[in-house]
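Chemist: Please see the structure below; I have some questions.
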Amino acid sequence: MARSASKAAAARRNGFLIAAASLLLLIWVFPLIWAVIVSLKSESEVLAYPPRVIFEPTFQNYSDALFGGVSILPSLVTSLIVSTSTTILTIIIAVPAAYAFARLRLRGKKWLGFYTLATQMVPPVGLVIPYFLILNKIGWLDTFQGMVTVYLTFSLPFAIWLLVSYMEDIPREMEEAAFLDKANRFQTLWHIILPQVRGGIAVTVIFIFLNAWNEFLFAVQLGGNTVRPVTVAMFNFVSVEQTLWAKLSAAALVAMLPMIIIGIAAQKQIVKGLTVGAVKGGGRL
Amino acid sequence: MTAKGHVSLHGIHKTFGTFEALKGIDLDIQPVEFFALLGPSGSGKTTTLRILAGLEAPDDGRIMIDGNDVTGTQPGERDVAMVFQNYALYPHMTLAANIGFPLKMDGVAKNKIPDLVRQAAARVKIDHLLHRRPGQLSGGQQQRCALARAIVRQPRLFLLDEPLSNLDAQLRLETRVELKKLQRSLDVTTVYVTHDQEEAMTIADRMAVFLDGDIVQVGTPDEVFNRPLSVHVAAFIGSPPMNLFAGQLEQGAVKVGDYEIKLPKSPDHAAGDVTVGVRPSHIRLSDHGLPARLYLSENLGESMLLNFLVDDQLVKVRLPEVRRFAENETTALSFEPEHIHLFDQKTGLRIGS
Ligand SMILES: Nc1ncnc2c1ncn2[C@@H]1O[C@H](COP(=O)(O)OP(=O)(O)OP(=O)(O)O)[C@@H](O)[C@H]1O
Ligand SMILES: [Mg+2]
């Protein structure tokens, strides 16, 4: 009897959770659905009031956004270059840095660690002007290297600290065993550590790429006509006289697409990566 | 080949912060010897092993392997292999890759590795599991894999840190025997850390007893068991360990309470307070001796372990046969005079031979 009672309680709890999750999902997904609907309407249809539920869908906005006079295609390429470079450079620098923080006995490690974290505590808005001045001085405004460097200042501390926590999870003995087996530091990092933090690296890559792809504030201030990521380029459809809502929605959805694909493709890795630290002693493969 | 693996430690000091983990230890381990480091928890056994391996640097002292001073060298340069207490297998590699890793790092030709791996695995009977990963193995199989990884490149020195402590009692006894046989067949110097004195007694050729960062005795299991050099060793070795009593040394005899035991040989020591040690198997039940009351009797199947109370002190007696005893039965305990150990009460050091 007690058993059926607890079963009923579990079922009730489940029902509640499902209802809550559905509600959250609905709130979250509503703007997205709205954007999809808007992107399929003609510009005049969009402004019709009250909004019509039944309309004739058109893909004109998509082809305009991609191939029209103010195409976002070049800026998609720009976004891809900036995000990919940022991600690759971040990983190349953050992996050895994280290893050093996790394992080496360095003088001033604590202090350095705090310093690295402190850069994350400054509100980004406060950095726009200093960065502008610095980039201006060295002539890196509106350049790829300028944008990537600025993004690195945010992605590196984040990536380092994420990776440190993954690396600290690996028992020291495993490395010591490798040292006794005549592996040097680099071989140990390569053969023993890296394969075991693959999940962590995947998570880091995804987060860094997402952040770089979504970034707007610095892109709009420090980029220009040469470096114009898609987040900025979307403003082509917003002007003083009018906002082309349908094309803007279409462009936004196109810009979102890579993120959604990555999210779905890497879902398993992300969940695994995020929980690996939480489940102590769990099988890390 | 046989002269390989001579190890000596000279005056090794190691402090962690302000804590003195090793207080200047000296050790000489002969080639091909199976040498155990025995001692209670925290006595510095693992630290010693890690210093031997090069994973920890001593603050002071020298480490010699086969006549070379290796004190400042890296672990990889010492040609030693180690089995860690938690095995430290690489979870992302198959057993074959785990066992082959030292060969790969050592620059052994790629086409030779599989054969060597299979041979090493066969020695510890896990050659049918080579395609699995550590996570898919039982604890015993993991332990064997760690052994195989250690023996595969035939090191100069073989270091084992409590390799059996994660196995269940049954498996521990079996593996103990196999380990000893393996070591014999490999002819490689082995240093074996354990806190289990029975394990050390059965497996080691010689052993060093650690206590609070010092080595208090080095010798064969027989020597350590039969001639403990201090009261601490006496209290640590044997299961159950030696019974210790406060006594008085007199001319040719020792007294525990009113019970006087004639000594076969008068020790060269001033009369006075001593500690008297007797192993449980060297006490007899008789009609004269220390008056004792039975507190609890434990039937071990083939023998009995009797717990007596002498005044308020618990005294353990091992009886070679099984008998029934009534609780609270009173009797007298007499000691076999030739098996009495005497220790100075102040210094704790052994008196006489
Ligand atoms: N890295 C370290 N930092 C600080 N103290 C340490 C460190 N390693 C060991 N110690 C201390 O040194 C002492 C000896 O440690 P060690 O590991 O050698 O003991 P042990 O004899 O192997 O004990 P056990 O049987 O419990 O493994 C312990 O008191 C331990 O706390
Ligand atoms: Mg230990």
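Naming scheme: A, B, ... for chains in displayed order of the structure tokens; residues 1 onward per chain; ligands 1 onward as shown.
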Skip B:Ala204 itself and residues of its chain fewer than 2 positions away, then list as a PDB file with N, CA, C and O atoms, in the first residue's frame all residues within 9 Å of it, counting only C-alpha atoms.
Modeler:
ATOM      1  N   GLU B  33      65.680  -9.359  -4.849  1.00  0.00           N
ATOM      2  CA  GLU B  33      65.044  -9.554  -3.561  1.00  0.00           C
ATOM      3  C   GLU B  33      63.576  -9.114  -3.618  1.00  0.00           C
ATOM      4  O   GLU B  33      63.237  -8.171  -4.322  1.00  0.00           O
ATOM      5  N   PHE B  34      62.732  -9.805  -2.892  1.00  0.00           N
ATOM      6  CA  PHE B  34      61.354  -9.360  -2.695  1.00  0.00           C
ATOM      7  C   PHE B  34      61.316  -8.674  -1.336  1.00  0.00           C
ATOM      8  O   PHE B  34      61.379  -9.312  -0.304  1.00  0.00           O
ATOM      9  N   PHE B  35      61.252  -7.355  -1.376  1.00  0.00           N
ATOM     10  CA  PHE B  35      61.448  -6.575  -0.155  1.00  0.00           C
ATOM     11  C   PHE B  35      60.162  -5.842   0.199  1.00  0.00           C
ATOM     12  O   PHE B  35      59.598  -5.125  -0.626  1.00  0.00           O
ATOM     13  N   ALA B  36      59.708  -6.032   1.422  1.00  0.00           N
ATOM     14  CA  ALA B  36      58.454  -5.397   1.827  1.00  0.00           C
ATOM     15  C   ALA B  36      58.720  -4.192   2.717  1.00  0.00           C
ATOM     16  O   ALA B  36      59.627  -4.206   3.547  1.00  0.00           O
ATOM     17  N   LYS B 180      54.064 -13.719  -5.796  1.00  0.00           N
ATOM     18  CA  LYS B 180      55.356 -14.232  -5.351  1.00  0.00           C
ATOM     19  C   LYS B 180      55.987 -15.093  -6.450  1.00  0.00           C
ATOM     20  O   LYS B 180      57.180 -14.978  -6.742  1.00  0.00           O
ATOM     21  N   TYR B 192      57.737  -3.774  -2.096  1.00  0.00           N
ATOM     22  CA  TYR B 192      56.319  -4.026  -1.929  1.00  0.00           C
ATOM     23  C   TYR B 192      55.838  -3.333  -0.668  1.00  0.00           C
ATOM     24  O   TYR B 192      56.318  -3.619   0.424  1.00  0.00           O
ATOM     25  N   GLU B 199      50.679 -10.334   5.214  1.00  0.00           N
ATOM     26  CA  GLU B 199      51.055 -10.302   3.807  1.00  0.00           C
ATOM     27  C   GLU B 199      52.573 -10.178   3.671  1.00  0.00           C
ATOM     28  O   GLU B 199      53.200 -10.919   2.921  1.00  0.00           O
ATOM     29  N   ALA B 200      53.138  -9.250   4.421  1.00  0.00           N
ATOM     30  CA  ALA B 200      54.580  -9.032   4.354  1.00  0.00           C
ATOM     31  C   ALA B 200      55.323 -10.286   4.798  1.00  0.00           C
ATOM     32  O   ALA B 200      56.297 -10.707   4.168  1.00  0.00           O
ATOM     33  N   MET B 201      54.857 -10.902   5.862  1.00  0.00           N
ATOM     34  CA  MET B 201      55.512 -12.092   6.393  1.00  0.00           C
ATOM     35  C   MET B 201      55.545 -13.211   5.354  1.00  0.00           C
ATOM     36  O   MET B 201      56.546 -13.899   5.197  1.00  0.00           O
ATOM     37  N   THR B 202      54.427 -13.396   4.657  1.00  0.00           N
ATOM     38  CA  THR B 202      54.343 -14.547   3.759  1.00  0.00           C
ATOM     39  C   THR B 202      55.044 -14.297   2.431  1.00  0.00           C
ATOM     40  O   THR B 202      55.526 -15.229   1.815  1.00  0.00           O
ATOM     41  N   ARG B 206      62.784 -10.170   2.627  1.00  0.00           N
ATOM     42  CA  ARG B 206      63.155  -9.344   3.785  1.00  0.00           C
ATOM     43  C   ARG B 206      62.178  -8.197   3.870  1.00  0.00           C
ATOM     44  O   ARG B 206      61.470  -7.890   2.915  1.00  0.00           O
ATOM     45  N   MET B 207      62.140  -7.565   5.014  1.00  0.00           N
ATOM     46  CA  MET B 207      61.250  -6.423   5.121  1.00  0.00           C
ATOM     47  C   MET B 207      61.820  -5.355   6.039  1.00  0.00           C
ATOM     48  O   MET B 207      62.707  -5.611   6.848  1.00  0.00           O
ATOM     49  N   THR B 220      64.638 -10.550   7.848  1.00  0.00           N
ATOM     50  CA  THR B 220      63.749 -11.526   7.240  1.00  0.00           C
ATOM     51  C   THR B 220      62.486 -11.585   8.088  1.00  0.00           C
ATOM     52  O   THR B 220      62.495 -11.185   9.249  1.00  0.00           O
ATOM     53  N   PRO B 221      61.402 -12.086   7.517  1.00  0.00           N
ATOM     54  CA  PRO B 221      60.176 -12.213   8.308  1.00  0.00           C
ATOM     55  C   PRO B 221      60.419 -12.979   9.611  1.00  0.00           C
ATOM     56  O   PRO B 221      59.906 -12.591  10.657  1.00  0.00           O
TER      57      PRO B 221
END
Chemist: Write as a PDB file with C-alpha atoms, in the first residue's frame the residues around ligand 2, taking 7 Å as the cut-off and counting only C-alpha atoms and all ligand atoms.
Modeler:
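Once written, part29.pdb looks like this:
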ATOM      1  CA  SER B  41      49.144   4.004   8.140  1.00  0.00           C
ATOM      2  CA  GLY B  42      51.001   7.270   7.725  1.00  0.00           C
ATOM      3  CA  LYS B  45      55.922   3.707   3.214  1.00  0.00           C
ATOM      4  CA  THR B  46      54.297   5.235   0.156  1.00  0.00           C
ATOM      5  CA  ASP B 161      52.025   0.082  -3.461  1.00  0.00           C
TER       6      ASP B 161
END
Chemist: Could you tell me which of B:Lys4, B:Arg78, B:Lys112, B:His341 comes closest to B:Ser230 if we count only C-alpha atoms?
Modeler: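 Of all the options, B:His341 lies closest to B:Ser230.
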Chemist: Residues of chain A no more than 8 Å from chain B, counting only C-alpha atoms: send them over as a PyMOL selection string.
Modeler: chain A and resi 171+173-174+176-184+192+195-196+283-285
Chemist: Can you pull out every residue within 8 Å of stretch 189-191 of chain B, counting only C-alpha atoms, but drop anything in the same chain fewer than 5 positions away, and send it as number ranges by chain?
Modeler: B: 4-6, 30-37, 49, 156-160, 183
Chemist: Output N, CA and C atoms for every residue in that selection, as a PDB file, in the first residue's frame.
Modeler:
ATOM      1  N   LYS B   4      71.300  -7.144 -11.521  1.00  0.00           N
ATOM      2  CA  LYS B   4      70.521  -5.941 -11.780  1.00  0.00           C
ATOM      3  C   LYS B   4      69.548  -5.676 -10.634  1.00  0.00           C
ATOM      4  N   GLY B   5      69.373  -4.419 -10.329  1.00  0.00           N
ATOM      5  CA  GLY B   5      68.349  -4.058  -9.369  1.00  0.00           C
ATOM      6  C   GLY B   5      68.823  -3.958  -7.940  1.00  0.00           C
ATOM      7  N   HIS B   6      70.022  -3.457  -7.744  1.00  0.00           N
ATOM      8  CA  HIS B   6      70.496  -3.208  -6.390  1.00  0.00           C
ATOM      9  C   HIS B   6      70.143  -1.768  -6.001  1.00  0.00           C
ATOM     10  N   GLN B  30      68.828  -5.888  -1.969  1.00  0.00           N
ATOM     11  CA  GLN B  30      69.687  -6.698  -2.839  1.00  0.00           C
ATOM     12  C   GLN B  30      68.992  -7.016  -4.160  1.00  0.00           C
ATOM     13  N   PRO B  31      69.787  -7.288  -5.194  1.00  0.00           N
ATOM     14  CA  PRO B  31      69.188  -7.675  -6.479  1.00  0.00           C
ATOM     15  C   PRO B  31      68.273  -8.893  -6.321  1.00  0.00           C
ATOM     16  N   VAL B  32      67.155  -8.865  -7.042  1.00  0.00           N
ATOM     17  CA  VAL B  32      66.212  -9.986  -7.119  1.00  0.00           C
ATOM     18  C   VAL B  32      65.476 -10.230  -5.809  1.00  0.00           C
ATOM     19  N   GLU B  33      65.680  -9.359  -4.849  1.00  0.00           N
ATOM     20  CA  GLU B  33      65.044  -9.554  -3.561  1.00  0.00           C
ATOM     21  C   GLU B  33      63.576  -9.114  -3.618  1.00  0.00           C
ATOM     22  N   PHE B  34      62.732  -9.805  -2.892  1.00  0.00           N
ATOM     23  CA  PHE B  34      61.354  -9.360  -2.695  1.00  0.00           C
ATOM     24  C   PHE B  34      61.316  -8.674  -1.336  1.00  0.00           C
ATOM     25  N   PHE B  35      61.252  -7.355  -1.376  1.00  0.00           N
ATOM     26  CA  PHE B  35      61.448  -6.575  -0.155  1.00  0.00           C
ATOM     27  C   PHE B  35      60.162  -5.842   0.199  1.00  0.00           C
ATOM     28  N   ALA B  36      59.708  -6.032   1.422  1.00  0.00           N
ATOM     29  CA  ALA B  36      58.454  -5.397   1.827  1.00  0.00           C
ATOM     30  C   ALA B  36      58.720  -4.192   2.717  1.00  0.00           C
ATOM     31  N   LEU B  37      57.954  -3.134   2.500  1.00  0.00           N
ATOM     32  CA  LEU B  37      57.944  -2.007   3.430  1.00  0.00           C
ATOM     33  C   LEU B  37      56.661  -2.131   4.231  1.00  0.00           C
ATOM     34  N   LEU B  49      58.435   4.818  -1.332  1.00  0.00           N
ATOM     35  CA  LEU B  49      58.291   4.209  -2.654  1.00  0.00           C
ATOM     36  C   LEU B  49      58.303   5.276  -3.742  1.00  0.00           C
ATOM     37  N   ARG B 156      64.110  -2.641 -14.236  1.00  0.00           N
ATOM     38  CA  ARG B 156      65.177  -2.934 -13.295  1.00  0.00           C
ATOM     39  C   ARG B 156      64.608  -3.142 -11.895  1.00  0.00           C
ATOM     40  N   LEU B 157      63.518  -2.445 -11.657  1.00  0.00           N
ATOM     41  CA  LEU B 157      62.970  -2.407 -10.307  1.00  0.00           C
ATOM     42  C   LEU B 157      61.451  -2.333 -10.409  1.00  0.00           C
ATOM     43  N   PHE B 158      60.824  -3.054  -9.523  1.00  0.00           N
ATOM     44  CA  PHE B 158      59.395  -3.234  -9.589  1.00  0.00           C
ATOM     45  C   PHE B 158      58.827  -2.706  -8.270  1.00  0.00           C
ATOM     46  N   LEU B 159      57.989  -1.661  -8.342  1.00  0.00           N
ATOM     47  CA  LEU B 159      57.474  -1.055  -7.115  1.00  0.00           C
ATOM     48  C   LEU B 159      55.973  -1.303  -7.011  1.00  0.00           C
ATOM     49  N   LEU B 160      55.542  -1.819  -5.893  1.00  0.00           N
ATOM     50  CA  LEU B 160      54.125  -2.132  -5.714  1.00  0.00           C
ATOM     51  C   LEU B 160      53.601  -1.448  -4.457  1.00  0.00           C
ATOM     52  N   GLN B 183      57.167 -12.976  -9.334  1.00  0.00           N
ATOM     53  CA  GLN B 183      58.413 -12.277  -9.030  1.00  0.00           C
ATOM     54  C   GLN B 183      59.594 -13.229  -9.163  1.00  0.00           C
TER      55      GLN B 183
END
Chemist: Of the candidates A:Ala97, A:Ala251, A:Ala5, A:Val238, which shows the shortest atom-to-atom distance to A:Phe59, using only C-alpha atoms?
Modeler: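 Comparing A:Ala97, A:Ala251, A:Ala5, A:Val238 against A:Phe59, the winner is A:Ala251.
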Chemist: Using only C-alpha atoms and all ligand atoms, what are the residues with an atom within 10 Å of ligand 1, set out as a PyMOL selection string?
Modeler: chain B and resi 14-22+37-51+56+85+161-162+193-196+210-213
Chemist: For each of A:Val232, A:Met167, A:Val254, A:Val271, take the minimum atom-to-atom distance to A:Ala94, counting only C-alpha atoms, then give the residue where this is smallest.
Modeler: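 Of all the options, A:Met167 lies closest to A:Ala94.
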Chemist: Could you give me, as a PyMOL selection string, the residues within 10 Å of stretch 34-37 of chain A, counting only C-alpha atoms and dropping anything in the same chain fewer than 4 positions from it?
Modeler: chain A and resi 29-30+41+46+53+55+57+245-246+248-250+252-253
Chemist: If we count only C-alpha atoms, what is near A:Met259 at a cut-off of 12 Å, once residues fewer than 3 positions away on the same chain are taken out, given as a PyMOL selection string?
Modeler: chain A and resi 80+83+206-214+252-256+262-267
Chemist: DSSP says helix (DSSP H, G or I) for which residues of stretch 33-270 of chain A? Put them as a ChimeraX atom specification?
Modeler: /A:33-39,43-47,60-67,73-103,109-118,125-138,144-168,172-180,185-196,198-214,217-222,230-237,245-265,267-270
Chemist: Leaving out A:Val148 and any residue of its chain fewer than 4 positions from it, which residues lie within 10 Å of it when counting only C-alpha atoms, given as a list of chain:residue names?
Modeler: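 Final neighbour list, sorted by chain and number: A:Ile81, A:Val82, A:Ser83, A:Thr84, A:Ser85, A:Thr86, A:Thr87, A:Leu89, A:Thr90, A:Thr143, A:Phe144, A:Leu152, A:Thr153, A:Ser155, A:Ala212.
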Chemist: Since we have the selection now, will you write its residues out, keeping N, CA, C and O atoms, as a PDB file, in the first residue's frame?
Modeler:
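Resulting contents of selection.pdb:
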ATOM      1  N   ILE A  81      34.427  32.956 -40.089  1.00  0.00           N
ATOM      2  CA  ILE A  81      35.887  33.121 -39.952  1.00  0.00           C
ATOM      3  C   ILE A  81      36.234  33.566 -38.541  1.00  0.00           C
ATOM      4  O   ILE A  81      37.096  32.977 -37.878  1.00  0.00           O
ATOM      5  N   VAL A  82      35.527  34.591 -38.055  1.00  0.00           N
ATOM      6  CA  VAL A  82      35.852  35.132 -36.731  1.00  0.00           C
ATOM      7  C   VAL A  82      35.614  34.063 -35.656  1.00  0.00           C
ATOM      8  O   VAL A  82      36.470  33.816 -34.802  1.00  0.00           O
ATOM      9  N   SER A  83      34.457  33.401 -35.710  1.00  0.00           N
ATOM     10  CA  SER A  83      34.127  32.425 -34.664  1.00  0.00           C
ATOM     11  C   SER A  83      35.073  31.238 -34.696  1.00  0.00           C
ATOM     12  O   SER A  83      35.552  30.779 -33.653  1.00  0.00           O
ATOM     13  N   THR A  84      35.361  30.750 -35.901  1.00  0.00           N
ATOM     14  CA  THR A  84      36.242  29.586 -36.006  1.00  0.00           C
ATOM     15  C   THR A  84      37.646  29.937 -35.533  1.00  0.00           C
ATOM     16  O   THR A  84      38.245  29.189 -34.753  1.00  0.00           O
ATOM     17  N   SER A  85      38.156  31.076 -35.982  1.00  0.00           N
ATOM     18  CA  SER A  85      39.512  31.456 -35.550  1.00  0.00           C
ATOM     19  C   SER A  85      39.553  31.611 -34.042  1.00  0.00           C
ATOM     20  O   SER A  85      40.492  31.143 -33.387  1.00  0.00           O
ATOM     21  N   THR A  86      38.549  32.286 -33.494  1.00  0.00           N
ATOM     22  CA  THR A  86      38.525  32.476 -32.047  1.00  0.00           C
ATOM     23  C   THR A  86      38.545  31.124 -31.341  1.00  0.00           C
ATOM     24  O   THR A  86      39.315  30.907 -30.402  1.00  0.00           O
ATOM     25  N   THR A  87      37.697  30.212 -31.820  1.00  0.00           N
ATOM     26  CA  THR A  87      37.599  28.913 -31.154  1.00  0.00           C
ATOM     27  C   THR A  87      38.908  28.146 -31.241  1.00  0.00           C
ATOM     28  O   THR A  87      39.415  27.644 -30.232  1.00  0.00           O
ATOM     29  N   LEU A  89      41.998  29.221 -31.825  1.00  0.00           N
ATOM     30  CA  LEU A  89      43.072  29.844 -31.046  1.00  0.00           C
ATOM     31  C   LEU A  89      42.849  29.635 -29.551  1.00  0.00           C
ATOM     32  O   LEU A  89      43.783  29.367 -28.800  1.00  0.00           O
ATOM     33  N   THR A  90      41.585  29.766 -29.137  1.00  0.00           N
ATOM     34  CA  THR A  90      41.291  29.587 -27.718  1.00  0.00           C
ATOM     35  C   THR A  90      41.722  28.204 -27.260  1.00  0.00           C
ATOM     36  O   THR A  90      42.396  28.059 -26.233  1.00  0.00           O
ATOM     37  N   THR A 143      39.521  44.953 -38.325  1.00  0.00           N
ATOM     38  CA  THR A 143      40.344  43.889 -38.914  1.00  0.00           C
ATOM     39  C   THR A 143      39.968  42.575 -38.238  1.00  0.00           C
ATOM     40  O   THR A 143      39.450  42.564 -37.117  1.00  0.00           O
ATOM     41  N   PHE A 144      40.240  41.475 -38.951  1.00  0.00           N
ATOM     42  CA  PHE A 144      39.940  40.165 -38.363  1.00  0.00           C
ATOM     43  C   PHE A 144      40.783  39.924 -37.122  1.00  0.00           C
ATOM     44  O   PHE A 144      40.295  39.480 -36.092  1.00  0.00           O
ATOM     45  N   LEU A 152      39.236  36.769 -27.880  1.00  0.00           N
ATOM     46  CA  LEU A 152      40.098  35.887 -27.084  1.00  0.00           C
ATOM     47  C   LEU A 152      40.160  36.338 -25.630  1.00  0.00           C
ATOM     48  O   LEU A 152      40.260  35.518 -24.724  1.00  0.00           O
ATOM     49  N   THR A 153      40.106  37.654 -25.423  1.00  0.00           N
ATOM     50  CA  THR A 153      40.211  38.131 -24.039  1.00  0.00           C
ATOM     51  C   THR A 153      39.026  37.654 -23.200  1.00  0.00           C
ATOM     52  O   THR A 153      39.129  37.547 -21.993  1.00  0.00           O
ATOM     53  N   SER A 155      37.114  34.711 -24.224  1.00  0.00           N
ATOM     54  CA  SER A 155      36.967  33.259 -24.334  1.00  0.00           C
ATOM     55  C   SER A 155      38.063  32.525 -23.561  1.00  0.00           C
ATOM     56  O   SER A 155      37.815  31.474 -22.991  1.00  0.00           O
ATOM     57  N   ALA A 212      31.076  33.585 -29.636  1.00  0.00           N
ATOM     58  CA  ALA A 212      31.680  34.414 -30.676  1.00  0.00           C
ATOM     59  C   ALA A 212      30.655  34.685 -31.772  1.00  0.00           C
ATOM     60  O   ALA A 212      30.553  35.801 -32.291  1.00  0.00           O
TER      61      ALA A 212
END
Chemist: Residues of stretch 49-228 of chain B in strand (DSSP E or B) according to DSSP, as a PyMOL selection string?
Modeler: chain B and resi 60-65+68-69+80-83+157-161+189-194+206-211+214-219
Chemist: Could you write out the selected residues, including N, CA and C atoms, as a CSV table (one decimal), in the first residue's frame?
Modeler:
chain,number,residue,atom,x,y,z
B,60,ASP,N,66.7,15.6,1.5
B,60,ASP,CA,68.1,15.3,1.8
B,60,ASP,C,68.3,13.8,1.6
B,61,GLY,N,69.5,13.4,1.3
B,61,GLY,CA,69.8,12.0,1.1
B,61,GLY,C,70.0,11.6,-0.3
B,62,ARG,N,70.5,10.4,-0.5
B,62,ARG,CA,70.8,9.9,-1.8
B,62,ARG,C,70.1,8.6,-2.2
B,63,ILE,N,69.8,8.4,-3.4
B,63,ILE,CA,69.2,7.2,-3.9
B,63,ILE,C,70.1,6.6,-4.9
B,64,MET,N,70.5,5.4,-4.7
B,64,MET,CA,71.4,4.7,-5.6
B,64,MET,C,70.7,3.5,-6.2
B,65,ILE,N,70.8,3.4,-7.6
B,65,ILE,CA,70.3,2.2,-8.2
B,65,ILE,C,71.4,1.6,-9.0
B,68,ASN,N,74.5,3.7,-9.5
B,68,ASN,CA,74.3,5.1,-10.1
B,68,ASN,C,73.5,6.0,-9.1
B,69,ASP,N,73.9,7.2,-8.9
B,69,ASP,CA,73.2,8.1,-8.1
B,69,ASP,C,72.0,8.6,-8.9
B,80,VAL,N,62.2,2.0,-13.7
B,80,VAL,CA,61.5,1.3,-12.7
B,80,VAL,C,60.0,1.3,-13.2
B,81,ALA,N,59.3,0.3,-12.7
B,81,ALA,CA,57.8,0.2,-13.0
B,81,ALA,C,57.1,0.2,-11.7
B,82,MET,N,55.9,0.7,-11.7
B,82,MET,CA,55.2,0.8,-10.4
B,82,MET,C,53.7,0.4,-10.6
B,83,VAL,N,53.2,-0.3,-9.7
B,83,VAL,CA,51.8,-0.6,-9.6
B,83,VAL,C,51.2,0.3,-8.5
B,157,LEU,N,63.5,-2.4,-11.7
B,157,LEU,CA,63.0,-2.4,-10.3
B,157,LEU,C,61.5,-2.3,-10.4
B,158,PHE,N,60.8,-3.1,-9.5
B,158,PHE,CA,59.4,-3.2,-9.6
B,158,PHE,C,58.8,-2.7,-8.3
B,159,LEU,N,58.0,-1.7,-8.3
B,159,LEU,CA,57.5,-1.1,-7.1
B,159,LEU,C,56.0,-1.3,-7.0
B,160,LEU,N,55.5,-1.8,-5.9
B,160,LEU,CA,54.1,-2.1,-5.7
B,160,LEU,C,53.6,-1.4,-4.5
B,161,ASP,N,52.6,-0.6,-4.6
B,161,ASP,CA,52.0,0.1,-3.5
B,161,ASP,C,50.7,-0.6,-3.1
B,189,THR,N,64.1,-7.2,-8.9
B,189,THR,CA,64.0,-6.7,-7.6
B,189,THR,C,62.6,-6.0,-7.3
B,190,THR,N,62.0,-6.4,-6.2
B,190,THR,CA,60.6,-5.9,-6.0
B,190,THR,C,60.5,-5.2,-4.6
B,191,VAL,N,60.0,-4.0,-4.6
B,191,VAL,CA,59.7,-3.4,-3.4
B,191,VAL,C,58.2,-3.3,-3.2
B,192,TYR,N,57.7,-3.8,-2.1
B,192,TYR,CA,56.3,-4.0,-1.9
B,192,TYR,C,55.8,-3.3,-0.7
B,193,VAL,N,54.9,-2.4,-0.8
B,193,VAL,CA,54.4,-1.7,0.3
B,193,VAL,C,53.1,-2.3,0.8
B,194,THR,N,53.0,-2.5,2.1
B,194,THR,CA,51.8,-3.1,2.7
B,194,THR,C,51.7,-2.7,4.1
B,206,ARG,N,62.8,-10.2,2.6
B,206,ARG,CA,63.2,-9.3,3.8
B,206,ARG,C,62.2,-8.2,3.9
B,207,MET,N,62.1,-7.6,5.0
B,207,MET,CA,61.3,-6.4,5.1
B,207,MET,C,61.8,-5.4,6.0
B,208,ALA,N,61.3,-4.1,5.9
B,208,ALA,CA,61.7,-3.0,6.7
B,208,ALA,C,60.4,-2.6,7.4
B,209,VAL,N,60.5,-2.5,8.7
B,209,VAL,CA,59.3,-2.0,9.5
B,209,VAL,C,59.4,-0.5,9.7
B,210,PHE,N,58.4,0.2,9.2
B,210,PHE,CA,58.3,1.6,9.4
B,210,PHE,C,57.5,2.0,10.6
B,211,LEU,N,58.0,3.1,11.2
B,211,LEU,CA,57.2,3.7,12.3
B,211,LEU,C,57.4,5.2,12.3
B,214,ASP,N,60.4,6.5,10.4
B,214,ASP,CA,61.7,5.9,10.7
B,214,ASP,C,61.6,4.4,10.4
B,215,ILE,N,62.7,3.8,10.0
B,215,ILE,CA,62.8,2.4,9.9
B,215,ILE,C,63.2,1.8,11.2
B,216,VAL,N,62.4,1.0,11.9
B,216,VAL,CA,62.8,0.5,13.2
B,216,VAL,C,63.4,-0.9,13.2
B,217,GLN,N,63.2,-1.6,12.1
B,217,GLN,CA,63.8,-2.9,12.0
B,217,GLN,C,63.9,-3.4,10.5
B,218,VAL,N,65.0,-4.0,10.2
B,218,VAL,CA,65.1,-4.6,8.8
B,218,VAL,C,65.5,-6.0,9.1
B,219,GLY,N,64.9,-6.9,8.4
B,219,GLY,CA,65.3,-8.3,8.5
B,219,GLY,C,64.3,-9.3,7.8
Chemist: Which is closer to B:Thr347 than all the others in B:His232, B:Arg144, B:Arg227, B:Lys23, using only C-alpha atoms?
Modeler: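 Smallest distance to B:Thr347 is found for B:His232.
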Chemist: Excluding same-chain residues fewer than 4 positions from B:Leu249, what lies within 9 Å of it counting only C-alpha atoms, as a PyMOL selection string?
Modeler: chain B and resi 253-255+269-274+342
Chemist: Can you work out the spacing between atom CA of A:Ile261 and atom CA of A:Trp28 in Å, to one decimal?
Modeler: 17.8 Å
Chemist: Just how far from atom CA of B:Asp268 is atom CA of B:Ser353, in Å to one decimal?
Modeler: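 About the pair atom CA of B:Ser353 and atom CA of B:Asp268: they are 9.4 Å apart.
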Chemist: Kindly give the distance, in Å, that separates atom CA of B:Val108 and atom CA of B:Val7, rounded to a single decimal.
Modeler: 26.2 Å
Chemist: Using only C-alpha atoms, pick whichever of B:Arg350, B:Arg279, B:Arg118, B:Arg172 has the shortest atom-to-atom distance to B:Phe225.
Modeler: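 Among the listed residues, B:Arg279 lies closest to B:Phe225.
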